[in-house]
>>> print(open('data_11.cif').read())   # mmCIF, C-alpha atoms
data_upload
loop_
_atom_site.label_atom_id
_atom_site.label_comp_id
_atom_site.auth_asym_id
_atom_site.auth_seq_id
_atom_site.Cartn_x
_atom_site.Cartn_y
_atom_site.Cartn_z
CA MET A 14 161.25 88.60 143.80
CA LEU A 15 159.87 85.35 142.56
CA PHE A 16 162.66 83.00 143.42
CA HIS A 17 161.96 80.49 146.12
CA ASN A 18 163.07 81.31 149.65
CA PRO A 19 164.98 78.23 150.88
CA SER A 20 163.76 78.55 154.50
CA PRO A 21 160.18 79.68 154.31
CA GLY A 22 158.79 77.88 157.36
CA LEU A 23 158.18 79.00 160.94
CA GLU A 24 160.17 77.83 163.95
CA LEU A 25 157.84 75.16 165.31
CA GLU A 26 158.65 72.35 167.70
CA THR A 27 156.75 69.55 169.34
CA ARG A 28 156.88 69.16 173.11
CA ALA A 29 159.62 66.60 172.49
CA ARG A 30 161.62 69.34 170.70
CA TRP A 31 161.25 67.88 167.23
CA LYS A 32 161.31 70.63 164.60
CA ILE A 33 158.05 70.44 162.70
CA PRO A 34 158.58 70.78 158.93
CA ASN A 35 156.26 73.50 157.71
CA GLU A 36 155.99 76.01 154.93
CA LEU A 37 154.25 79.35 154.53
CA ARG A 38 151.96 79.42 151.54
CA LEU A 39 150.91 82.48 149.58
CA GLU A 40 147.26 83.41 149.41
CA ARG A 41 145.43 82.14 146.34
CA PRO A 42 143.67 84.58 143.99
CA LYS A 43 140.19 85.59 145.14
CA VAL A 44 138.50 84.14 142.06
CA ALA A 45 140.14 80.78 142.70
CA LEU A 46 139.02 80.72 146.33
CA GLU A 47 135.51 81.73 145.34
CA ALA A 48 135.43 78.93 142.79
CA SER A 49 136.07 76.47 145.58
CA VAL A 50 133.21 77.92 147.63
CA ALA A 51 130.85 77.49 144.69
CA ILE A 52 131.92 73.88 144.17
CA PHE A 53 131.44 72.84 147.78
CA ARG A 54 128.25 74.84 148.20
CA ALA A 55 126.87 72.56 145.49
CA SER A 56 128.44 69.26 146.53
CA ARG A 57 128.49 69.73 150.35
CA PRO A 58 125.66 72.21 151.02
CA ASN A 59 125.43 71.35 154.72
CA ALA A 60 129.04 72.23 155.42
CA ARG A 61 129.28 75.73 156.93
CA LEU A 62 132.10 77.92 155.68
CA ARG A 63 134.00 79.48 158.58
CA SER A 64 136.93 81.08 156.77
CA LEU A 65 138.43 81.24 153.30
CA THR A 66 142.19 81.31 152.83
CA ALA A 67 144.98 79.16 151.44
CA THR A 68 147.62 80.17 153.98
CA TYR A 69 147.23 77.15 156.27
CA ASN A 70 145.97 73.62 155.94
CA CYS A 71 144.18 71.17 158.23
CA VAL A 72 147.34 70.17 160.11
CA GLY A 73 148.41 73.81 160.36
CA LEU A 74 145.05 74.59 161.91
CA VAL A 75 145.46 71.87 164.54
CA VAL A 76 149.15 72.11 165.46
CA ALA A 77 150.11 75.68 164.49
CA CYS A 78 147.07 77.83 165.24
CA ARG A 79 146.27 78.46 161.57
CA ARG A 80 149.69 79.95 160.87
CA THR A 81 151.31 77.64 158.32
CA TRP A 82 151.17 74.47 156.20
CA VAL A 83 152.27 71.12 157.66
CA ASP A 84 152.14 67.97 155.56
CA PRO A 85 149.75 65.37 157.04
CA GLU A 86 152.51 62.77 156.88
CA HIS A 87 153.95 64.40 160.03
CA LEU A 88 150.72 64.48 162.02
CA VAL A 89 150.95 61.22 164.01
CA ARG A 90 154.52 61.93 165.08
CA ILE A 91 153.53 65.42 166.24
CA LEU A 92 150.58 64.09 168.23
CA ARG A 93 152.67 61.39 169.92
CA ASP A 94 155.38 63.92 170.74
CA ASP A 95 152.73 66.19 172.22
CA GLY A 96 151.28 63.48 174.43
CA TYR A 97 148.14 62.65 172.51
CA ARG A 98 146.70 59.14 172.68
CA GLN A 99 144.35 57.28 170.39
CA LEU A 100 140.79 56.59 171.53
CA ALA A 101 138.89 53.39 170.89
CA GLY A 102 136.21 55.06 168.80
CA PRO A 103 134.08 58.16 168.15
CA GLU A 104 131.90 57.53 171.19
CA GLN A 105 134.89 58.29 173.44
CA ALA A 106 135.69 61.58 171.71
CA GLU A 107 134.88 64.90 173.34
CA ILE A 108 134.92 68.49 172.18
CA GLY A 109 138.51 69.51 171.41
CA ASP A 110 139.62 66.01 170.47
CA LEU A 111 140.90 65.22 166.98
CA VAL A 112 139.51 63.16 164.11
CA ILE A 113 142.13 61.75 161.73
CA TYR A 114 141.17 60.82 158.18
CA ARG A 115 142.99 58.28 156.04
CA ASP A 116 142.80 57.82 152.27
CA GLY A 117 142.64 54.69 150.10
CA ALA A 118 146.36 54.12 150.61
CA ASN A 119 145.78 54.23 154.39
CA GLU A 120 147.86 57.38 154.70
CA VAL A 121 146.84 60.30 156.87
CA SER A 122 145.05 62.68 154.54
CA HIS A 123 143.14 65.07 156.80
CA VAL A 124 142.42 66.08 160.39
CA GLY A 125 139.64 67.97 162.14
CA ILE A 126 138.81 69.20 165.66
CA VAL A 127 135.62 68.03 167.35
CA VAL A 128 133.36 71.02 168.01
CA ARG A 129 130.13 69.24 168.92
CA LYS A 130 129.16 65.85 170.25
CA LYS A 131 125.61 64.98 169.34
CA VAL A 132 123.05 63.20 171.48
CA LEU A 133 122.17 60.20 169.38
CA VAL A 134 118.61 59.00 169.20
CA PRO A 135 118.29 55.19 168.77
CA GLY A 136 117.23 54.32 165.24
CA GLN A 137 118.42 57.59 163.75
CA GLN A 138 121.37 57.47 161.40
CA GLU A 139 123.15 60.59 162.50
CA GLU A 140 126.83 61.22 162.72
CA PRO A 141 128.01 61.46 166.33
CA LEU A 142 130.56 64.24 165.87
CA GLU A 143 130.72 67.63 164.25
CA VAL A 144 134.18 68.96 163.46
CA VAL A 145 135.90 72.06 162.18
CA SER A 146 138.52 71.37 159.55
CA LYS A 147 140.43 73.10 156.81
CA TRP A 148 139.91 71.67 153.33
CA GLY A 149 143.38 71.99 151.85
CA ALA A 150 143.94 75.40 150.27
CA ASP A 151 140.20 75.94 150.04
CA GLY A 152 137.88 76.91 152.91
CA GLU A 153 137.68 76.06 156.60
CA TYR A 154 134.37 74.33 157.26
CA ILE A 155 132.23 73.11 160.15
CA HIS A 156 130.66 69.81 159.17
CA ASP A 157 129.61 66.33 160.25
CA MET A 158 132.76 64.26 160.53
CA SER A 159 132.20 62.20 157.34
CA TYR A 160 130.81 65.09 155.33
CA VAL A 161 134.04 65.96 153.51
CA PRO A 162 135.15 65.84 149.87
CA LYS A 163 136.08 62.31 148.81
CA LEU A 164 139.72 63.23 148.31
CA LEU A 165 140.06 63.95 152.04
CA GLY A 166 139.49 60.31 152.93
CA LYS A 167 137.44 58.81 155.76
CA PRO A 168 137.43 59.48 159.52
CA VAL A 169 139.10 56.46 161.07
CA GLU A 170 141.00 57.53 164.18
CA PHE A 171 140.12 59.63 167.21
CA TRP A 172 142.84 61.19 169.35
CA THR A 173 142.88 63.19 172.55
CA ASP A 174 145.32 65.09 174.71
CA ARG A 175 142.99 64.90 177.75
CA LYS A 176 144.61 63.78 180.97
CA ASP A 177 141.74 61.90 182.59
CA ASN A 178 143.46 60.49 185.66
CA MET B 27 147.07 68.49 120.23
CA ALA B 28 147.29 72.13 121.22
CA THR B 29 145.92 73.17 117.91
CA ASN B 30 142.86 70.94 117.78
CA THR B 31 139.64 71.56 119.62
CA ASN B 32 139.90 68.60 121.99
CA GLY B 33 143.39 69.61 123.03
CA LYS B 34 142.33 73.18 123.69
CA GLU B 35 139.32 72.02 125.68
CA LEU B 36 141.54 69.75 127.73
CA PHE B 37 143.95 72.58 128.45
CA ARG B 38 141.02 74.81 129.37
CA ALA B 39 139.61 72.20 131.76
CA ILE B 40 142.95 71.58 133.47
CA GLU B 41 143.63 75.31 133.77
CA SER B 42 140.16 76.12 135.12
CA ASP B 43 139.52 77.48 138.61
CA ARG B 44 137.16 74.56 139.15
CA PHE B 45 139.88 71.97 138.50
CA SER B 46 142.28 73.92 140.69
CA ALA B 47 139.77 74.08 143.55
CA LEU B 48 139.05 70.36 143.35
CA LEU B 49 142.70 69.38 143.62
CA ASN B 50 143.56 72.07 146.15
CA VAL B 51 141.30 70.40 148.68
CA VAL B 52 144.12 67.99 149.56
CA SER B 53 146.91 68.85 151.98
CA GLY B 54 149.77 66.46 151.39
CA TYR B 55 152.05 65.92 148.42
CA ARG B 56 151.30 62.23 148.09
CA SER B 57 147.56 62.86 148.31
CA PHE B 58 147.95 65.50 145.64
CA THR B 59 149.72 63.24 143.15
CA ARG B 60 147.21 60.45 143.79
CA ALA B 61 144.39 62.93 143.21
CA VAL B 62 146.01 64.14 140.00
CA GLU B 63 146.28 60.57 138.79
CA GLN B 64 142.56 59.96 139.36
CA GLN B 65 141.27 62.93 137.36
CA PRO B 66 139.70 61.96 134.01
CA GLU B 67 141.15 65.07 132.36
CA VAL B 68 144.65 64.03 133.39
CA GLN B 69 144.13 60.47 132.23
CA GLN B 70 142.97 61.81 128.87
CA LEU B 71 145.97 64.12 128.65
CA ARG B 72 148.45 61.39 129.53
CA SER B 73 146.92 59.08 126.97
CA ALA B 74 147.38 61.72 124.25
CA MET B 75 150.89 62.45 125.47
CA ARG B 76 152.13 59.03 124.46
CA GLN B 77 152.90 60.80 121.18
CA PRO B 78 156.09 62.88 121.43
CA ASP B 79 154.60 65.81 119.50
CA VAL B 80 151.82 66.06 122.07
CA GLN B 81 154.44 66.13 124.82
CA LEU B 82 155.98 69.07 123.03
CA SER B 83 152.60 70.79 122.78
CA VAL B 84 152.08 70.36 126.52
CA PHE B 85 155.55 71.72 127.15
CA VAL B 86 154.87 74.73 124.93
CA ARG B 87 151.63 75.34 126.80
CA LEU B 88 153.47 75.14 130.12
CA VAL B 89 156.03 77.70 128.94
CA GLN B 90 153.20 79.99 127.85
CA LEU B 91 151.68 79.81 131.33
CA LEU B 92 155.01 80.58 132.94
CA THR B 93 155.46 83.75 130.94
CA ARG B 94 152.31 85.37 132.29
CA GLU B 95 153.04 88.20 134.67
CA PRO B 96 152.53 86.95 138.24
CA ASP B 97 151.28 88.92 141.22
CA PRO B 98 154.14 88.53 143.75
CA LYS B 99 151.69 88.62 146.67
CA LEU B 100 149.52 85.79 145.40
CA GLU B 101 149.94 82.20 144.43
CA ASN B 102 150.00 81.62 140.69
CA ARG B 103 146.51 80.89 139.40
CA ASN B 104 147.94 78.21 137.10
CA ASP B 105 149.75 76.35 139.87
CA VAL B 106 147.74 73.16 139.60
CA ALA B 107 147.79 73.14 135.79
CA VAL B 108 151.56 73.57 135.69
CA ALA B 109 151.92 70.85 138.32
CA VAL B 110 149.80 68.52 136.19
CA TYR B 111 151.85 69.25 133.07
CA ILE B 112 155.19 68.64 134.81
CA TRP B 113 153.87 65.54 136.55
CA SER B 114 152.52 64.17 133.26
CA LEU B 115 155.81 64.80 131.45
CA THR B 116 157.68 63.18 134.33
CA THR B 117 155.57 60.08 134.67
CA LEU B 118 155.84 59.52 130.92
CA SER B 119 159.64 59.86 131.20
CA SER B 120 159.61 62.72 128.74
CA PRO B 121 162.99 64.36 128.21
CA LEU B 122 161.13 67.67 128.51
CA ALA B 123 160.24 67.01 132.15
CA SER B 124 163.52 68.15 133.64
CA VAL B 125 163.50 71.36 131.63
CA ALA B 126 159.93 72.13 132.67
CA ALA B 127 160.80 71.35 136.28
CA ALA B 128 163.91 73.52 136.20
CA LEU B 129 161.83 76.48 135.11
CA VAL B 130 159.45 76.10 138.06
CA ALA B 131 161.59 74.75 140.91
CA GLN B 132 162.75 78.21 142.02
CA ARG B 133 159.42 80.00 141.65
CA HIS B 134 157.77 80.81 144.97
CA ASP B 135 154.47 81.77 143.37
CA PHE B 136 153.91 78.07 142.70
CA TRP B 137 153.02 75.53 145.38
CA TRP B 138 152.13 72.11 143.99
CA ALA B 139 154.01 72.75 140.75
CA ARG B 140 157.14 73.58 142.72
CA LYS B 141 156.79 70.49 144.87
CA VAL B 142 156.48 68.30 141.77
CA ALA B 143 159.40 70.14 140.15
CA GLU B 144 161.65 69.80 143.20
CA ARG B 145 161.33 66.05 142.97
CA VAL B 146 162.38 66.09 139.31
CA VAL B 147 165.28 68.50 139.70
CA PRO B 148 166.07 68.49 143.44
CA PHE B 149 168.38 71.50 143.23
CA GLY B 150 166.30 73.43 140.72
CA SER B 151 167.80 75.11 137.72
CA ILE B 152 171.24 76.56 137.86
CA PRO B 153 171.06 80.33 138.12
CA THR B 154 173.74 82.62 136.78
CA GLU B 155 174.96 85.95 138.01
CA SER B 156 172.66 87.74 135.61
CA GLY B 157 169.64 85.98 137.04
CA SER B 158 169.37 83.70 134.05
CA SER B 159 169.22 79.97 134.13
CA ILE B 160 169.47 77.31 131.55
CA SER B 161 168.91 73.62 131.29
CA VAL B 162 170.05 71.47 128.44
CA LEU B 163 168.59 68.13 127.58
CA GLY B 164 170.35 65.09 126.29
CA ASP B 165 171.10 64.36 122.69
CA ARG B 166 167.55 63.97 121.42
CA PRO B 167 165.43 65.89 120.85
CA HIS B 168 168.08 68.58 121.02
CA LEU B 169 166.53 71.19 123.19
CA ILE B 170 167.68 74.23 125.08
CA VAL B 171 165.59 76.32 127.39
CA GLY B 172 166.74 79.56 128.88
CA ALA B 173 165.10 81.69 131.51
CA CYS B 174 165.81 85.24 132.50
CA ASN B 175 164.36 86.51 135.78
CA THR B 176 162.01 83.51 135.75
CA LYS B 177 160.77 84.28 132.23
CA PRO B 178 161.78 81.85 129.54
CA ILE B 179 163.67 83.74 126.88
CA GLY B 180 163.03 81.12 124.27
CA TYR B 181 163.88 77.66 123.26
CA VAL B 182 165.17 75.82 120.26
CA VAL B 183 164.31 72.31 119.34
CA PHE B 184 167.04 71.75 116.86
CA GLY B 185 170.15 71.55 118.89
CA GLY B 186 172.40 73.92 120.71
CA ARG B 187 175.68 72.85 119.24
CA ARG B 188 174.92 72.27 115.61
CA ARG B 189 173.92 74.91 113.15
CA ILE B 190 170.28 75.35 112.30
CA GLU B 191 169.95 74.36 108.70
CA ARG B 192 166.90 72.26 108.14
CA PRO B 193 165.04 71.36 111.34
CA PRO B 194 162.71 68.39 111.12
CA ALA B 195 159.15 69.32 110.21
CA TYR B 196 157.53 68.62 113.55
CA GLU B 197 160.17 70.57 115.43
CA ARG B 198 159.67 73.50 113.09
CA GLN B 199 155.93 73.29 113.64
CA VAL B 200 156.25 73.31 117.40
CA PHE B 201 158.66 76.19 117.35
CA ASN B 202 156.44 78.20 115.02
CA GLU B 203 153.60 77.57 117.43
CA PHE B 204 155.71 78.98 120.19
CA LEU B 205 156.65 81.99 118.12
CA ALA B 206 152.99 82.68 117.48
CA SER B 207 152.12 82.47 121.13
CA GLU B 208 151.58 85.30 123.55
CA ALA B 209 154.90 84.42 125.12
CA LEU B 210 156.76 85.82 122.18
CA SER B 211 159.23 88.59 122.82
CA MET B 212 162.02 90.09 120.79
CA GLY B 213 164.37 87.78 122.57
CA ASN B 214 162.64 84.78 121.12
CA ARG B 215 162.84 86.14 117.61
CA GLU B 216 166.47 86.93 118.07
CA LEU B 217 167.08 83.45 119.32
CA PHE B 218 165.29 81.98 116.35
CA ARG B 219 167.29 84.02 113.90
CA ASN B 220 170.55 83.21 115.54
CA ARG B 221 172.19 80.18 114.03
CA ASN B 222 174.14 79.27 117.06
CA ALA B 223 171.98 79.03 120.13
CA SER B 224 174.90 78.49 122.46
CA ASN B 225 176.43 81.81 121.49
CA LEU B 226 173.15 83.57 122.02
CA MET B 227 172.68 82.02 125.43
CA THR B 228 176.13 83.18 126.38
CA ARG B 229 175.30 86.67 125.17
CA HIS B 230 172.23 86.65 127.43
CA GLY B 231 174.45 85.79 130.36
CA ALA B 232 173.21 82.24 130.65
CA MET B 233 175.42 79.36 131.61
CA GLU B 234 175.49 76.23 129.58
CA PHE B 235 175.91 72.76 130.98
CA VAL B 236 175.24 69.35 129.56
#
>>> encode(input="data_11.cif", output="structure tokens")
Amino acid sequence: MLFHNPSPGLELETRARWKIPNELRLERPKVALEASVAIFRASRPNARLRSLTATYNCVGLVVACRRTWVDPEHLVRILRDDGYRQLAGPEQAEIGDLVIYRDGANEVSHVGIVVRKKVLVPGQQEEPLEVVSKWGADGEYIHDMSYVPKLLGKPVEFWTDRKDN
Amino acid sequence: MATNTNGKELFRAIESDRFSALLNVVSGYRSFTRAVEQQPEVQQLRSAMRQPDVQLSVFVRLVQLLTREPDPKLENRNDVAVAVYIWSLTTLSSPLASVAAALVAQRHDFWWARKVAERVVPFGSIPTESGSSISVLGDRPHLIVGACNTKPIGYVVFGGRRRIERPPAYERQVFNEFLASEALSMGNRELFRNRNASNLMTRHGAMEFV
């Protein structure tokens, strides 16, 4: 049956009980996924492939445990509903916090989870954070926070759910 | 365009796995359409599509892609290409856009193409009891597209209500191109031979609306 199912999403809610719009996506053909690996192996050789599937995206990874697709336009609302707060900059981020990317139109285009905070040596130009993020319907990669395809935008916001007290 | 080398190369580039992977890196609909807009191949295509006959060639190509047998468990390999073709027809205000969109809006093996299509025809095509659907364009260029179980059963470019006597040359050319394509089935031939497309559509169980 090829006709579109009108309610293909999962039942997902924020802590404030807002129903998160989401949609299950079919897997892409193996050759298509492998083509993406070849492209990014050439253009982003230092990014480490963790997993290869089209069934969830970056927001689905963060807010739905890799189960579904959620459009990035909903991300900030979801985070606010779930009690996240924005940090002043990358130096305040810790493992488990989120990096939000925005594109040229200043719209949320991508999100990643911090998996490593580096010890920076003065004078060295190294990125402070390593993240895991899902590159659209292509692979899930572990990479320095700015080391993403251009279409994913730039890391500009850092959010946490930590309750510091 | 579809018959010359540049056109074929452009189609090949847009339908390649490489092009699909590049655009599939984005997550959101608005990011996707902005990314589409930025691609040199798309800019080249849109520039060529300022000519109506090229719009028809793109439409024919789109229909050809839709007729390929899909794997119901996987996303259609031509998803991005079909999305680009519908988006290009739409942004150029082509009368073919709504027909193309209607053919895709109900297909769950498409992702980006369906999202583009849903914005062109928010309620998709109108299905009939037999599983057919049909969309009819405005007065010019007289065009009817029918689909049966998601497969287009053919189209005519010379009007659904008037008899086919002497179709204009470019319409005849485009239709002949379609007939020669891999999409051809007996249904298409039958449709071509029939002098009253509306009657044929009715015979196939399709519903006509204007």
>>> interface_residues(input="data_11.cif", of="chain A", to="chain B", cutoff="7 Å", atoms="all atoms listed in the file", output="list in words")
Leu15, Phe16, His17, Leu39, Glu40, Arg41, Pro42, Ala45, Ala48, Ser49, Asn70, Asp84, Pro85, Ser122, Trp148, Gly149, Ala150, Asp151, Leu164 and Leu165 of chain A
>>> atom_distance(input="data_11.cif", atom1="CA of Leu71 in chain B", atom2="CA of Thr59 in chain B")
15.0 Å
>>> residues_around(input="data_11.cif", residues="Val145 in chain A", least_positions_apart="3", cutoff="6 Å", atoms="all atoms listed in the file", output="PyMOL selection string")
chain A and resi 125-126+154-155
>>> atom_distance(input="data_11.cif", atom1="CA of Thr116 in chain B", atom2="CA of Val146 in chain B")
7.4 Å
>>> atom_distance(input="data_11.cif", atom1="CA of Leu88 in chain B", atom2="CA of Phe37 in chain B")
10.0 Å
>>> resolve_selection(input="data_11.cif", expression="the PyMOL selection byres ((chain A and resi 64) around 8)", output="list in words")
Leu62, Arg63, Leu65, Thr66, Gly152, Glu153 and Tyr154 of chain A
>>> closest_residue(input="data_11.cif", among="A:Arg129, A:Arg30, A:Arg38, A:Arg54", to="Ala106 in chain A", atoms="all atoms listed in the file")
A:Arg129
>>> residues_around(input="data_11.cif", residues="Val68 in chain B", least_positions_apart="3", cutoff="8 Å", atoms="all atoms listed in the file", output="VMD selection string")
chain B and resid 40 62 to 65 71 to 72 110 114
>>> resolve_selection(input="data_11.cif", expression="the PyMOL selection byres ((chain A and resi 76) around 10)", output="list in words")
Leu25, Glu26, Thr27, Ile33, Cys71, Val72, Gly73, Leu74, Val75, Ala77, Cys78, Arg79, Arg80, Thr81, Trp82, Val83, Leu88, Ile91, Leu92 and Asp95 of chain A
>>> residues_around(input="data_11.cif", residues="Lys130 in chain A", least_positions_apart="4", cutoff="12 Å", atoms="all atoms listed in the file", output="PyMOL selection string")
chain A and resi 103-110+126+139-144+156-158
>>> resolve_selection(input="data_11.cif", expression="the PyMOL selection byres ((chain A and resi 170) around 6)", output="PDB file with C-alpha atoms, in the coordinates of the input")
ATOM      1  CA  VAL A 112     139.510  63.160 164.110  1.00  0.00           C
ATOM      2  CA  ILE A 113     142.130  61.750 161.730  1.00  0.00           C
ATOM      3  CA  VAL A 169     139.100  56.460 161.070  1.00  0.00           C
ATOM      4  CA  PHE A 171     140.120  59.630 167.210  1.00  0.00           C
TER       5      PHE A 171
END
>>> decode(input="data_11.cif", residues="range 86-106 of chain A", atoms="C-alpha atoms", output="compact mmCIF listing (two decimals), in the first residue's frame")
# COMPACT_ATOMS: atom_id res chain seq x y z
CA GLU A 86 11.32 24.40 13.82
CA HIS A 87 9.81 22.78 16.94
CA LEU A 88 13.05 22.33 18.86
CA VAL A 89 13.16 25.51 20.96
CA ARG A 90 9.56 25.09 22.09
CA ILE A 91 10.25 21.48 23.09
CA LEU A 92 13.34 22.46 25.07
CA ARG A 93 11.55 25.27 26.90
CA ASP A 94 8.63 22.97 27.69
CA ASP A 95 11.09 20.41 29.03
CA GLY A 96 12.83 22.89 31.30
CA TYR A 97 15.99 23.51 29.34
CA ARG A 98 17.75 26.86 29.61
CA GLN A 99 20.21 28.59 27.33
CA LEU A 100 23.85 28.91 28.42
CA ALA A 101 26.01 31.94 27.85
CA GLY A 102 28.49 30.12 25.64
CA PRO A 103 30.31 26.87 24.82
CA GLU A 104 32.60 27.18 27.84
CA GLN A 105 29.60 26.60 30.13
CA ALA A 106 28.47 23.48 28.30
